[in-house]
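Trainee: This structure is in structure tokens; I'll ask about it shortly.
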Amino acid sequence: MSQPASSLALKALQEWWGDMGVEVDEVEMRALKKAAESRTVAAPADDEAPKPRRLKRAKTHEDWVNDARQLARKADSLDALKAAIEGFDGCILKEAARNTVCFDGVQGAPVMVIGEGPGAEEDVKGLPFVGRAGQLLDKMLAAINLSRTENTFITNVNYWRPPGNRNPSDEELELCRPFVDRMVELGAPKLVIVAGGVAAKSLLQTRDGIMKLRGTEQVLKTPSGFEAPMFPMFHPAFLLRRPEEKSRAWRDLLQIQAKLESLA
């Protein structure tokens, strides 16, 4: 008997991850396999009599994106949006994640930080930026009088940890984008800080890397027409690997501080 398409696709994906050096533990793999099987419409047994009914169509990627748009549009508060994200089953990353990681900090704060996505520690605690990179982020924000407990809201462009901490795919980011846009609209920040190339490229829909984008003032626009100045900067995890870049990061922080003072 031939293997179902979902099993073959999952096997190919696992082999590709192996070639790329991405490690996926057994728990994650079992969860992904279960998710793949659940998305396959089962064929009727040979001895079943034909029934005059329409088979339920499996949802496509575009179907799930439309579902995300509708859920995001209906949310009238950040807490309602969080509940919608937690109940959304369109992203397969959710199947292997321990927690949905939505946001942390002060709702309605003047500054919003948008990162790339949860890592291992964030996945366990259900909060963004709580590992070593998060601790560095807190220190960077404190240097310009910002704090997640007083005047800063923190979220990501993806809400579930990818296996092996790989970058989220374009399709996974597209599924989350309606929620990201709605979060910006509901939070209505005066200024947005974008941490890392994945988040910056996704939000700006550009191929330019973070080395080119950092240090520039951009504009983040949402479908409803909300706009806010946006400043891409290095991800704290990158600075942990490349401490020699901290001088550039400090210049970026000073630029952000000056913009906040002008807005005040």
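Residue names in the structure tokens use chain letters A, B, ... in the order shown, residue numbers from 1 in each chain, and ligand numbers from 1 in the order shown.
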For the structure I just gave you, how does DSSP split stretch 32-225 of chain A - specifically, which residues are alpha helix (DSSP H)? Reply as an MDAnalysis selection string.
Mentor: chainID A and resid 32:38 61:74 78:87 93:96 120:125 132:142 170:187 197:204 210:213
Trainee: Write out as a list in words each polymer residue whose atoms come within 12 Å of A:Gly87, counting only C-alpha atoms; drop sequence neighbours fewer than 6 positions from it.
Mentor: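 That gives Asp67, Ala68, Leu71, Ala72, Ala80, Leu81, Lys94, Asn99, Thr100, Cys102 and Tyr159 of chain A.
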Trainee: Closest to A:Arg177 among A:Asn158, A:Lys259, A:Ala237, A:Glu244, using only C-alpha atoms?
Mentor: A:Asn158
Trainee: State, in Å with one decimal place, the distance from atom CA of A:Phe88 to atom CA of A:Arg161.
Mentor: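 Distance reported for this atom pair: 14.9 Å.
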Trainee: Give the answer as one residue: which of A:Val113, A:Val65, A:Ala97, A:Leu78 has the shortest atom-to-atom distance to A:Leu186, using only C-alpha atoms?
Mentor: A:Leu78
Trainee: Enter the distance from atom CA of A:Trp160 to atom CA of A:Pro178, in Å, rounded to one decimal.
Mentor: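 We find that atom CA of A:Trp160 and atom CA of A:Pro178 lie 15.1 Å from each other.
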Trainee: So, with only C-alpha atoms as the atoms that count, which of A:Ser169, A:Ser247, A:Ser224, A:Gln255 lies closest to A:Leu191?
Mentor: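 That would be A:Gln255, the residue with the smallest distance to A:Leu191.
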Trainee: Would you list the contacts of A:Asp104 as a compact mmCIF listing (two decimals) with all heavy atoms, in the first residue's frame, taking every protein, DNA or RNA residue within 7 Å and counting only C-alpha atoms, but skipping same-chain residues closer than 5 positions in sequence?
Mentor:
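Written file, selection_5.txt:
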# COMPACT_ATOMS: atom_id res chain seq x y z
N LEU A 127 5.61 33.71 26.76
CA LEU A 127 5.82 35.15 26.68
C LEU A 127 6.98 35.45 25.73
O LEU A 127 7.95 34.68 25.68
CB LEU A 127 6.12 35.74 28.06
CG LEU A 127 5.01 35.69 29.10
CD1 LEU A 127 5.56 36.09 30.47
CD2 LEU A 127 3.85 36.60 28.70
N PRO A 128 6.92 36.56 24.99
CA PRO A 128 8.01 36.90 24.07
C PRO A 128 9.21 37.50 24.79
O PRO A 128 9.07 38.17 25.82
CB PRO A 128 7.36 37.94 23.15
CG PRO A 128 6.33 38.59 24.00
CD PRO A 128 5.80 37.51 24.90
N PHE A 153 5.19 47.72 24.76
CA PHE A 153 4.42 46.53 24.43
C PHE A 153 5.27 45.67 23.51
O PHE A 153 5.89 46.19 22.57
CB PHE A 153 3.12 46.94 23.74
CG PHE A 153 2.20 45.80 23.37
CD1 PHE A 153 1.26 45.32 24.27
CD2 PHE A 153 2.25 45.24 22.10
CE1 PHE A 153 0.39 44.30 23.92
CE2 PHE A 153 1.39 44.22 21.74
CZ PHE A 153 0.45 43.75 22.65
N ILE A 154 5.33 44.36 23.74
CA ILE A 154 6.24 43.48 23.00
C ILE A 154 5.48 42.32 22.37
O ILE A 154 4.69 41.64 23.05
CB ILE A 154 7.35 42.94 23.92
CG1 ILE A 154 8.16 44.09 24.52
CG2 ILE A 154 8.28 42.00 23.15
CD1 ILE A 154 9.22 43.67 25.51
N THR A 155 5.72 42.08 21.09
CA THR A 155 5.08 40.97 20.39
C THR A 155 6.02 40.46 19.29
O THR A 155 7.19 40.83 19.24
CB THR A 155 3.72 41.41 19.81
OG1 THR A 155 3.06 40.28 19.23
CG2 THR A 155 3.88 42.50 18.78
Trainee: Restricting the calculation to only C-alpha atoms, which member of A:Ser77, A:Thr222, A:Ser262, A:Gln257 is positioned closest to A:Ile193?
Mentor: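 Using only C-alpha atoms, A:Ile193 sits closest to A:Gln257.
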Trainee: Mind the document's chain letters and residue numbers, and return as a list of chain:residue names the residues of stretch 34-227 of chain A that DSSP labels strand (DSSP E or B).
Mentor: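 Matching residues, listed in order: A:Phe103, A:Asp104, A:Gly105, A:Val111, A:Met112, A:Val113, A:Ile114, A:Gly115, A:Thr152, A:Phe153, A:Ile154, A:Thr155, A:Asn156, A:Leu191, A:Val192, A:Ile193, A:Val194, A:Ala195, A:Gln218, A:Val219, A:Leu220, A:Lys221, A:Glu227.
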Trainee: Skip A:Glu62 itself and residues of its chain fewer than 4 positions away, then list as a PyMOL selection string all residues within 12 Å of it, counting only C-alpha atoms.
Mentor: chain A and resi 58+66-69+90-91+171-172+174-175
Trainee: Take the residues from that selection and write them out as a compact mmCIF listing (two decimals), in the first residue's frame, keeping N, CA and C atoms.
Mentor:
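Saved file result_25.txt follows:
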# COMPACT_ATOMS: atom_id res chain seq x y z
N ALA A 58 -10.99 20.01 2.14
CA ALA A 58 -9.90 20.39 3.03
C ALA A 58 -9.54 21.85 2.77
N ASN A 66 -7.68 33.69 4.96
CA ASN A 66 -8.95 34.41 5.04
C ASN A 66 -9.59 34.26 6.41
N ASP A 67 -9.48 33.06 6.99
CA ASP A 67 -9.99 32.85 8.35
C ASP A 67 -9.28 33.77 9.33
N ALA A 68 -7.95 33.87 9.18
CA ALA A 68 -7.17 34.74 10.06
C ALA A 68 -7.62 36.19 9.91
N ARG A 69 -7.87 36.62 8.69
CA ARG A 69 -8.32 38.00 8.47
C ARG A 69 -9.66 38.26 9.16
N GLY A 90 -4.82 27.33 11.96
CA GLY A 90 -4.37 27.31 10.57
C GLY A 90 -2.89 27.15 10.36
N CYS A 91 -2.08 27.40 11.40
CA CYS A 91 -0.62 27.30 11.25
C CYS A 91 -0.14 25.99 11.88
N GLU A 171 5.00 31.41 4.16
CA GLU A 171 3.61 30.99 4.32
C GLU A 171 3.16 31.12 5.77
N GLU A 172 4.03 30.76 6.70
CA GLU A 172 3.69 30.87 8.12
C GLU A 172 3.55 32.33 8.55
N GLU A 174 2.65 34.73 6.54
CA GLU A 174 1.44 35.23 5.90
C GLU A 174 0.20 34.88 6.72
N LEU A 175 0.20 33.71 7.34
CA LEU A 175 -0.92 33.30 8.19
C LEU A 175 -1.04 34.18 9.42
Trainee: Nearest residue to A:Gln135 out of A:Leu240, A:Met112, A:Arg73, A:Ile210, using only C-alpha atoms?
Mentor: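 Of all the options, A:Leu240 lies closest to A:Gln135.
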Trainee: Could you check the closest approach to A:Glu86 for each of A:Glu121, A:Glu245, A:Val101, A:Gly215 and tell me which residue wins, using only C-alpha atoms?
Mentor: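 Under the stated criterion, the closest residue is A:Val101.
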Trainee: So that I can check the surroundings of A:Pro168, please list as an NGL selection string every protein, DNA and RNA residue that reaches within 9 Å of it, counting only C-alpha atoms and ignoring chain neighbours fewer than 6 positions away.
Mentor: :A and (93 or 116-117 or 158 or 161-162 or 198)
Trainee: Please, could you write that set of residues out with N, CA, C and O atoms as a JSON list (two decimals), in the first residue's frame?
Mentor:
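Writing the result to out37.json gives the following:
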[["chain", "number", "residue", "atom", "x", "y", "z"],
["A", 93, "LEU", "N", 2.67, 25.09, 12.77],
["A", 93, "LEU", "CA", 3.65, 25.27, 13.86],
["A", 93, "LEU", "C", 3.00, 25.10, 15.23],
["A", 93, "LEU", "O", 3.65, 24.69, 16.19],
["A", 116, "GLU", "N", 10.83, 38.46, 15.93],
["A", 116, "GLU", "CA", 10.66, 37.44, 14.89],
["A", 116, "GLU", "C", 9.72, 36.32, 15.31],
["A", 116, "GLU", "O", 8.85, 35.92, 14.56],
["A", 117, "GLY", "N", 9.91, 35.77, 16.52],
["A", 117, "GLY", "CA", 9.09, 34.66, 16.97],
["A", 117, "GLY", "C", 9.67, 34.04, 18.21],
["A", 117, "GLY", "O", 10.81, 34.33, 18.60],
["A", 158, "ASN", "N", 5.37, 36.11, 14.46],
["A", 158, "ASN", "CA", 4.96, 34.70, 14.46],
["A", 158, "ASN", "C", 4.74, 34.28, 15.91],
["A", 158, "ASN", "O", 5.50, 34.68, 16.79],
["A", 161, "ARG", "N", 6.68, 28.60, 18.16],
["A", 161, "ARG", "CA", 8.08, 28.28, 17.93],
["A", 161, "ARG", "C", 8.26, 27.30, 16.76],
["A", 161, "ARG", "O", 7.70, 26.20, 16.78],
["A", 162, "PRO", "N", 9.04, 27.67, 15.75],
["A", 162, "PRO", "CA", 9.33, 26.73, 14.67],
["A", 162, "PRO", "C", 10.26, 25.62, 15.17],
["A", 162, "PRO", "O", 11.11, 25.86, 16.04],
["A", 198, "VAL", "N", 14.16, 39.09, 9.91],
["A", 198, "VAL", "CA", 12.95, 38.36, 9.53],
["A", 198, "VAL", "C", 11.72, 39.25, 9.72],
["A", 198, "VAL", "O", 10.87, 39.36, 8.83]]
